[in-house]
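Q: My file is run.cif. It has mmCIF, C-alpha atoms:
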```cif
data_final
loop_
_atom_site.label_atom_id
_atom_site.label_comp_id
_atom_site.auth_asym_id
_atom_site.auth_seq_id
_atom_site.Cartn_x
_atom_site.Cartn_y
_atom_site.Cartn_z
CA SER A 1 22.58 9.58 -3.07
CA LEU A 2 22.86 5.84 -2.80
CA PRO A 3 20.47 3.82 -0.65
CA LEU A 4 22.37 2.30 2.25
CA LEU A 5 19.50 0.43 3.93
CA ASP A 6 18.02 -2.80 2.66
CA LYS A 7 14.44 -3.92 3.21
CA ASP A 8 15.21 -5.80 6.44
CA SER A 9 16.90 -2.76 7.99
CA SER A 10 13.97 -0.58 6.95
CA ASN A 11 11.63 -3.10 8.55
CA LYS A 12 13.46 -2.84 11.90
CA LEU A 13 13.46 0.97 11.79
CA GLY A 14 9.75 1.00 10.95
CA ASP A 15 8.96 -1.29 13.88
CA ARG A 16 10.96 0.99 16.16
CA VAL A 17 8.91 4.03 15.07
CA MET A 18 5.68 2.11 15.56
CA GLY A 19 6.79 1.15 19.07
CA GLN A 20 6.94 4.85 19.97
CA MET A 21 3.21 5.28 19.22
CA PRO A 22 1.43 3.43 22.07
CA GLU A 23 -2.05 4.51 20.90
CA LEU A 24 -1.52 2.72 17.56
CA VAL A 25 0.54 -0.33 18.58
CA SER A 26 -2.42 -2.25 19.99
CA GLN A 27 -4.65 -1.50 17.00
CA PHE A 28 -2.37 -1.83 13.96
CA TYR A 29 0.84 -3.51 12.84
CA VAL A 30 3.46 -2.46 10.30
CA SER A 31 3.11 -4.12 6.90
CA SER A 32 6.20 -5.83 5.47
CA LEU A 33 5.75 -4.36 1.96
CA TYR A 34 8.31 -1.50 2.14
CA THR A 35 8.16 -0.26 -1.45
CA GLN A 36 11.24 1.74 -2.47
CA ILE A 37 10.28 4.99 -4.23
CA ASN A 38 11.61 8.45 -5.06
CA TYR A 39 9.79 10.85 -2.72
CA ASN A 40 10.58 14.56 -3.08
CA ASN A 41 14.02 13.70 -4.51
CA ASP A 42 14.84 11.31 -1.64
CA ILE A 43 15.12 7.53 -1.92
CA VAL A 44 12.71 6.15 0.67
CA ARG A 45 10.80 2.99 1.51
CA VAL A 46 7.14 3.33 2.42
CA THR A 47 4.79 0.86 4.02
CA PRO A 48 1.26 1.14 5.40
CA LEU A 49 -0.01 0.19 8.80
CA GLU A 50 -2.45 -2.74 8.74
CA TYR A 51 -5.40 -3.84 10.88
CA ASP A 52 -4.22 -6.22 13.60
CA GLY A 53 -6.95 -8.83 13.20
CA LEU A 54 -10.71 -9.07 12.81
CA ILE A 55 -11.65 -7.44 16.12
CA LYS A 56 -9.27 -4.53 15.52
CA TYR A 57 -10.80 -4.16 12.05
CA PHE A 58 -14.31 -3.83 13.48
CA THR A 59 -13.24 -1.32 16.13
CA ASN A 60 -11.26 0.85 13.67
CA ARG A 61 -13.05 0.45 10.32
CA LYS A 62 -15.07 3.65 10.68
CA ASN A 63 -11.89 5.77 10.75
CA GLY A 64 -9.69 3.41 8.70
CA VAL A 65 -5.95 2.84 8.99
CA LYS A 66 -4.37 5.97 10.41
CA GLY A 67 -1.11 6.22 8.50
CA TYR A 68 2.04 4.87 6.96
CA ILE A 69 5.77 4.75 7.69
CA ILE A 70 8.49 6.39 5.62
CA VAL A 71 12.10 5.22 6.04
CA ASN A 72 14.79 7.25 4.28
CA SER A 73 17.08 4.67 2.64
CA VAL A 74 20.08 7.02 2.68
CA THR A 75 19.97 8.59 6.17
CA GLY A 76 17.96 5.96 8.05
CA GLU A 77 15.49 8.56 9.33
CA SER A 78 12.07 7.00 9.84
CA THR A 79 8.74 8.73 10.47
CA LEU A 80 5.14 7.75 10.95
CA THR A 81 2.87 9.92 8.83
CA LYS A 82 -0.63 10.24 10.22
CA LEU A 83 -3.46 10.82 7.77
CA LYS A 84 -6.44 13.15 8.22
CA LYS A 85 -8.72 10.51 6.71
CA GLY A 86 -7.88 6.86 7.28
CA MET A 87 -7.24 4.28 4.56
CA LYS A 88 -10.22 1.94 4.30
CA TYR A 89 -9.21 -0.36 1.44
CA MET A 90 -6.41 -2.53 2.77
CA PRO A 91 -5.18 -6.13 2.34
CA SER A 92 -5.93 -6.69 6.05
CA ALA A 93 -9.50 -5.32 5.82
CA TYR A 94 -12.51 -7.60 5.56
CA PHE A 95 -15.66 -7.84 3.46
CA ASN A 96 -16.09 -5.14 0.80
CA GLU A 97 -13.18 -3.08 2.15
CA ASP A 98 -10.68 -5.86 1.40
CA LEU A 99 -8.30 -4.54 -1.26
CA TYR A 100 -8.45 -7.69 -3.39
CA ARG A 101 -12.24 -7.96 -3.21
CA LYS A 102 -12.63 -4.28 -4.18
CA LEU A 103 -10.32 -4.81 -7.17
CA ARG A 104 -12.12 -7.99 -8.21
CA PHE A 105 -15.54 -6.29 -8.14
CA SER A 106 -14.19 -3.28 -10.06
CA TYR A 107 -12.25 -5.30 -12.67
CA PRO A 108 -13.81 -8.79 -12.86
CA THR A 109 -11.92 -9.93 -15.97
CA LYS A 110 -8.40 -8.80 -14.96
CA ILE A 111 -5.61 -10.92 -13.48
CA PHE A 112 -3.67 -9.07 -10.79
CA GLY A 113 -0.05 -9.28 -9.67
CA ASN A 114 1.38 -8.35 -6.28
CA GLU A 115 0.34 -4.96 -4.98
CA SER A 116 2.72 -2.24 -3.89
CA PHE A 117 2.08 0.75 -1.66
CA GLU A 118 3.27 4.15 -2.85
CA ILE A 119 2.77 7.82 -2.06
CA ASP A 120 2.88 10.86 -4.30
CA ASN A 121 5.01 13.95 -3.58
CA GLU A 122 2.19 15.44 -1.48
CA GLY A 123 2.09 12.32 0.73
CA ASN A 124 -1.20 10.89 -0.60
CA PRO A 125 -1.22 7.07 -0.44
CA TYR A 126 -1.98 4.78 -3.39
CA TRP A 127 -2.10 1.07 -4.14
CA ILE A 128 -0.33 0.16 -7.38
CA VAL A 129 -1.45 -3.23 -8.70
CA PRO A 130 -0.09 -4.67 -11.97
CA VAL A 131 -2.52 -6.31 -14.39
CA ILE A 132 -1.08 -9.45 -15.94
CA LYS A 133 -1.87 -11.34 -19.13
CA TYR A 134 -0.55 -14.75 -20.10
CA THR A 135 0.71 -15.27 -23.65
CA GLY A 136 2.38 -17.97 -25.69
CA ILE A 137 2.65 -21.69 -25.39
CA ASN A 138 4.51 -21.65 -22.07
CA LEU A 139 2.06 -19.10 -20.64
CA ARG A 140 4.60 -16.33 -20.27
CA LYS A 141 3.50 -13.52 -17.93
CA ASP A 142 3.38 -10.00 -19.33
CA VAL A 143 2.25 -6.84 -17.57
CA GLU A 144 -0.45 -5.25 -19.71
CA GLY A 145 -1.16 -2.33 -17.39
CA ILE A 146 -1.71 -1.24 -13.81
CA VAL A 147 -4.54 -0.22 -11.54
CA ILE A 148 -3.94 2.75 -9.28
CA MET A 149 -6.30 2.82 -6.30
CA ASP A 150 -6.81 5.48 -3.66
CA PRO A 151 -7.06 3.49 -0.38
CA ILE A 152 -9.03 6.27 1.32
CA THR A 153 -11.88 6.61 -1.18
CA GLY A 154 -11.61 3.32 -3.09
CA LYS A 155 -11.55 5.10 -6.45
CA SER A 156 -9.35 3.37 -8.98
CA GLU A 157 -8.24 3.75 -12.56
CA TYR A 158 -6.76 1.30 -15.03
CA TYR A 159 -3.82 2.37 -17.23
CA LYS A 160 -2.37 0.44 -20.17
CA THR A 161 1.41 -0.02 -20.12
CA GLY A 162 2.15 2.93 -22.42
CA ASP A 163 -0.16 5.32 -20.53
CA ILE A 164 1.07 4.80 -16.96
CA PRO A 165 1.60 8.17 -15.20
CA THR A 166 4.90 8.93 -13.50
#
```
Show how you would write the structure in this file as structure tokens.
A:
Amino acid sequence: SLPLLDKDSSNKLGDRVMGQMPELVSQFYVSSLYTQINYNNDIVRVTPLEYDGLIKYFTNRKNGVKGYIIVNSVTGESTLTKLKKGMKYMPSAYFNEDLYRKLRFSYPTKIFGNESFEIDNEGNPYWIVPVIKYTGINLRKDVEGIVIMDPITGKSEYYKTGDIPT
């Protein structure tokens, strides 16, 4: 199977799926992350929903973000997966539920790269954030490990490069 859809096409399909959910459209928006992963032997792109501003954050923070979108990169099929428990730790959240603030408080000496959103084969969401170190005279960037965070509970774990789970 070869992926036929690029990120922009996936973005349009994800927006179309979100438009079919009127109860969520006014509260959340579709993130533009669209991480390409292997999900149950299919090549898909996944992206979370995000809070649509400060007021929407306050009205929805108790239950969290309700789900994420999966776009099959081969067939073009796109679905919105609703979660039983909402994701609380998001880039669009505020205060101590902000993803970056939570990471900074948990790992105060680490330097982080750009986050990606992934799901495991059971559909559980995770934030994958590389930890970067600078070496050499020209300050070359190297990835020394990653932090995997559960956006529902906020629990996270740091893995060195050789110990990263598949």
Q: Given the file shown, determine the residues that the PyMOL selection byres ((chain A and resi 162) around 12) selects; report them as an MDAnalysis selection string.
A: chainID A and resid 143:146 158:161 163:166
Q: Hey, which of A:Lys12, A:Ile70, A:Pro125, A:Asp98 ends up closest to Leu83 (chain A)? Count only C-alpha atoms.
A: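 Closest candidate: A:Pro125.
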Q: To test your reading of the syntax: which residues would the PyMOL selection byres ((chain A and resi 37-54) around 6) return for the file shown? Reply as a PyMOL selection string.
A: chain A and resi 27-31+33-36+55-57+68-73+92+121
Q: Write to file, as a PDB file, keeping the file's coordinate frame, the residues of the selection just made, with C-alpha atoms.
A:
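Here's the written file part.pdb:
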```pdb
ATOM      1  CA  GLN A  27      -4.650  -1.500  17.000  1.00  0.00           C
ATOM      2  CA  PHE A  28      -2.370  -1.830  13.960  1.00  0.00           C
ATOM      3  CA  TYR A  29       0.840  -3.510  12.840  1.00  0.00           C
ATOM      4  CA  VAL A  30       3.460  -2.460  10.300  1.00  0.00           C
ATOM      5  CA  SER A  31       3.110  -4.120   6.900  1.00  0.00           C
ATOM      6  CA  LEU A  33       5.750  -4.360   1.960  1.00  0.00           C
ATOM      7  CA  TYR A  34       8.310  -1.500   2.140  1.00  0.00           C
ATOM      8  CA  THR A  35       8.160  -0.260  -1.450  1.00  0.00           C
ATOM      9  CA  GLN A  36      11.240   1.740  -2.470  1.00  0.00           C
ATOM     10  CA  ILE A  55     -11.650  -7.440  16.120  1.00  0.00           C
ATOM     11  CA  LYS A  56      -9.270  -4.530  15.520  1.00  0.00           C
ATOM     12  CA  TYR A  57     -10.800  -4.160  12.050  1.00  0.00           C
ATOM     13  CA  TYR A  68       2.040   4.870   6.960  1.00  0.00           C
ATOM     14  CA  ILE A  69       5.770   4.750   7.690  1.00  0.00           C
ATOM     15  CA  ILE A  70       8.490   6.390   5.620  1.00  0.00           C
ATOM     16  CA  VAL A  71      12.100   5.220   6.040  1.00  0.00           C
ATOM     17  CA  ASN A  72      14.790   7.250   4.280  1.00  0.00           C
ATOM     18  CA  SER A  73      17.080   4.670   2.640  1.00  0.00           C
ATOM     19  CA  SER A  92      -5.930  -6.690   6.050  1.00  0.00           C
ATOM     20  CA  ASN A 121       5.010  13.950  -3.580  1.00  0.00           C
TER      21      ASN A 121
END
```
Q: Might you pull out every residue within 10 Å of Ile111 (chain A), with only C-alpha atoms counted and same-chain residues fewer than 2 positions away left off, and present them as a list in words?
A: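 Residues meeting the cut-off are Leu103, Arg104, Tyr107, Pro108, Thr109, Gly113, Val129, Pro130, Val131, Ile132, Lys133, Tyr134, Val143 and Glu144 of chain A.
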Q: Kindly indicate which residue among A:Gly86, A:Gly76, A:Pro3, A:Gly14 lies nearest to Gly154 (chain A), using all atoms listed in the file for the distances.
A: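 Answer, going by the shortest atom-to-atom distance: A:Gly86.
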Q: Find the axis-aligned box for region 92-99 of chain A, covering all its listed atoms and adding 5 Å on each side, and write its centre and edge lengths in Å to one decimal as lines of an AutoDock Vina configuration file.
A:
```
center_x = -11.0
center_y = -5.5
center_z = 2.4
size_x = 20.2
size_y = 14.8
size_z = 17.3
```
Q: Compare A:Leu2, A:Met21, A:Val147, A:Val65 by their minimum atom-to-atom distance to Lys84 (chain A), counting all atoms listed in the file, and give me the closest one.
A: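 Using all atoms listed in the file, Lys84 (chain A) sits closest to A:Val65.
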Q: For the atom pair CA of Met87 (chain A) and CA of Pro151 (chain A), what is the interatomic distance in Å to one decimal place?
A: 5.0 Å
Q: To one decimal place, how far is CA of Lys62 (chain A) from CA of Leu13 (chain A) in Å?
A: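 Taking CA of Lys62 (chain A) as the start and CA of Leu13 (chain A) as the end point, the length is 28.7 Å.
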Q: State, in Å with one decimal place, the distance from CA of Leu80 (chain A) to CA of Gln20 (chain A).
A: 9.6 Å
Q: Have a look at A:Ile137, A:Lys7, A:Lys66, A:Phe117 and name the one nearest to Val25 (chain A); count all atoms listed in the file.
A: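 For Val25 (chain A), the nearest of the given residues is A:Lys66.
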Q: As a compact mmCIF listing (two decimals), in the coordinates of the input, could you write out region 7-18 of chain A once it has been completed with all heavy atoms?
A:
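selection_12.txt, freshly written:
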```
# COMPACT_ATOMS: atom_id res chain seq x y z
N LYS A 7 15.82 -3.79 2.75
CA LYS A 7 14.44 -3.92 3.21
C LYS A 7 14.36 -4.38 4.67
O LYS A 7 13.53 -3.90 5.43
CB LYS A 7 13.69 -4.89 2.29
CG LYS A 7 12.22 -4.96 2.54
CD LYS A 7 11.55 -5.84 1.50
CE LYS A 7 10.07 -5.90 1.72
NZ LYS A 7 9.39 -6.71 0.72
N ASP A 8 15.23 -5.30 5.06
CA ASP A 8 15.21 -5.80 6.44
C ASP A 8 15.55 -4.70 7.44
O ASP A 8 14.94 -4.59 8.51
CB ASP A 8 16.16 -6.98 6.60
CG ASP A 8 15.69 -8.21 5.86
OD1 ASP A 8 14.47 -8.34 5.62
OD2 ASP A 8 16.53 -9.05 5.49
N SER A 9 16.53 -3.87 7.10
CA SER A 9 16.90 -2.76 7.99
C SER A 9 15.76 -1.76 8.09
O SER A 9 15.47 -1.23 9.16
CB SER A 9 18.15 -2.07 7.48
OG SER A 9 19.24 -2.96 7.43
N SER A 10 15.12 -1.49 6.95
CA SER A 10 13.97 -0.58 6.95
C SER A 10 12.85 -1.13 7.81
O SER A 10 12.18 -0.39 8.53
CB SER A 10 13.47 -0.37 5.53
OG SER A 10 14.44 0.25 4.74
N ASN A 11 12.66 -2.44 7.75
CA ASN A 11 11.63 -3.10 8.55
C ASN A 11 11.89 -2.88 10.04
O ASN A 11 10.98 -2.57 10.81
CB ASN A 11 11.61 -4.58 8.20
CG ASN A 11 10.30 -5.24 8.55
OD1 ASN A 11 9.51 -4.71 9.30
ND2 ASN A 11 10.08 -6.41 8.00
N LYS A 12 13.12 -3.03 10.48
CA LYS A 12 13.46 -2.84 11.90
C LYS A 12 13.26 -1.39 12.33
O LYS A 12 12.75 -1.12 13.41
CB LYS A 12 14.90 -3.28 12.15
CG LYS A 12 15.07 -4.77 12.07
CD LYS A 12 16.49 -5.20 12.26
CE LYS A 12 16.60 -6.70 12.05
NZ LYS A 12 17.96 -7.18 12.01
N LEU A 13 13.66 -0.45 11.46
CA LEU A 13 13.46 0.97 11.79
C LEU A 13 11.98 1.32 11.85
O LEU A 13 11.55 2.10 12.70
CB LEU A 13 14.19 1.86 10.77
CG LEU A 13 15.71 1.84 10.85
CD1 LEU A 13 16.31 2.56 9.65
CD2 LEU A 13 16.18 2.46 12.14
N GLY A 14 11.19 0.76 10.94
CA GLY A 14 9.75 1.00 10.95
C GLY A 14 9.08 0.46 12.20
O GLY A 14 8.21 1.10 12.79
N ASP A 15 9.50 -0.72 12.64
CA ASP A 15 8.96 -1.29 13.88
C ASP A 15 9.32 -0.44 15.08
O ASP A 15 8.52 -0.28 16.00
CB ASP A 15 9.48 -2.72 14.08
CG ASP A 15 8.83 -3.72 13.14
OD1 ASP A 15 7.78 -3.38 12.55
OD2 ASP A 15 9.38 -4.83 12.99
N ARG A 16 10.51 0.13 15.07
CA ARG A 16 10.96 0.99 16.16
C ARG A 16 10.08 2.25 16.24
O ARG A 16 9.68 2.68 17.32
CB ARG A 16 12.42 1.38 15.99
CG ARG A 16 12.98 2.11 17.18
CD ARG A 16 14.45 2.40 17.03
NE ARG A 16 15.20 1.16 16.94
CZ ARG A 16 16.35 1.02 16.31
NH1 ARG A 16 16.89 2.06 15.71
NH2 ARG A 16 16.97 -0.14 16.28
N VAL A 17 9.77 2.84 15.09
CA VAL A 17 8.91 4.03 15.07
C VAL A 17 7.51 3.68 15.56
O VAL A 17 6.91 4.42 16.33
CB VAL A 17 8.83 4.62 13.64
CG1 VAL A 17 7.75 5.67 13.53
CG2 VAL A 17 10.16 5.22 13.25
N MET A 18 7.00 2.53 15.14
CA MET A 18 5.68 2.11 15.56
C MET A 18 5.64 1.88 17.06
O MET A 18 4.64 2.18 17.72
CB MET A 18 5.29 0.84 14.81
CG MET A 18 3.89 0.38 15.07
SD MET A 18 2.72 1.56 14.42
CE MET A 18 1.22 0.69 14.76
```
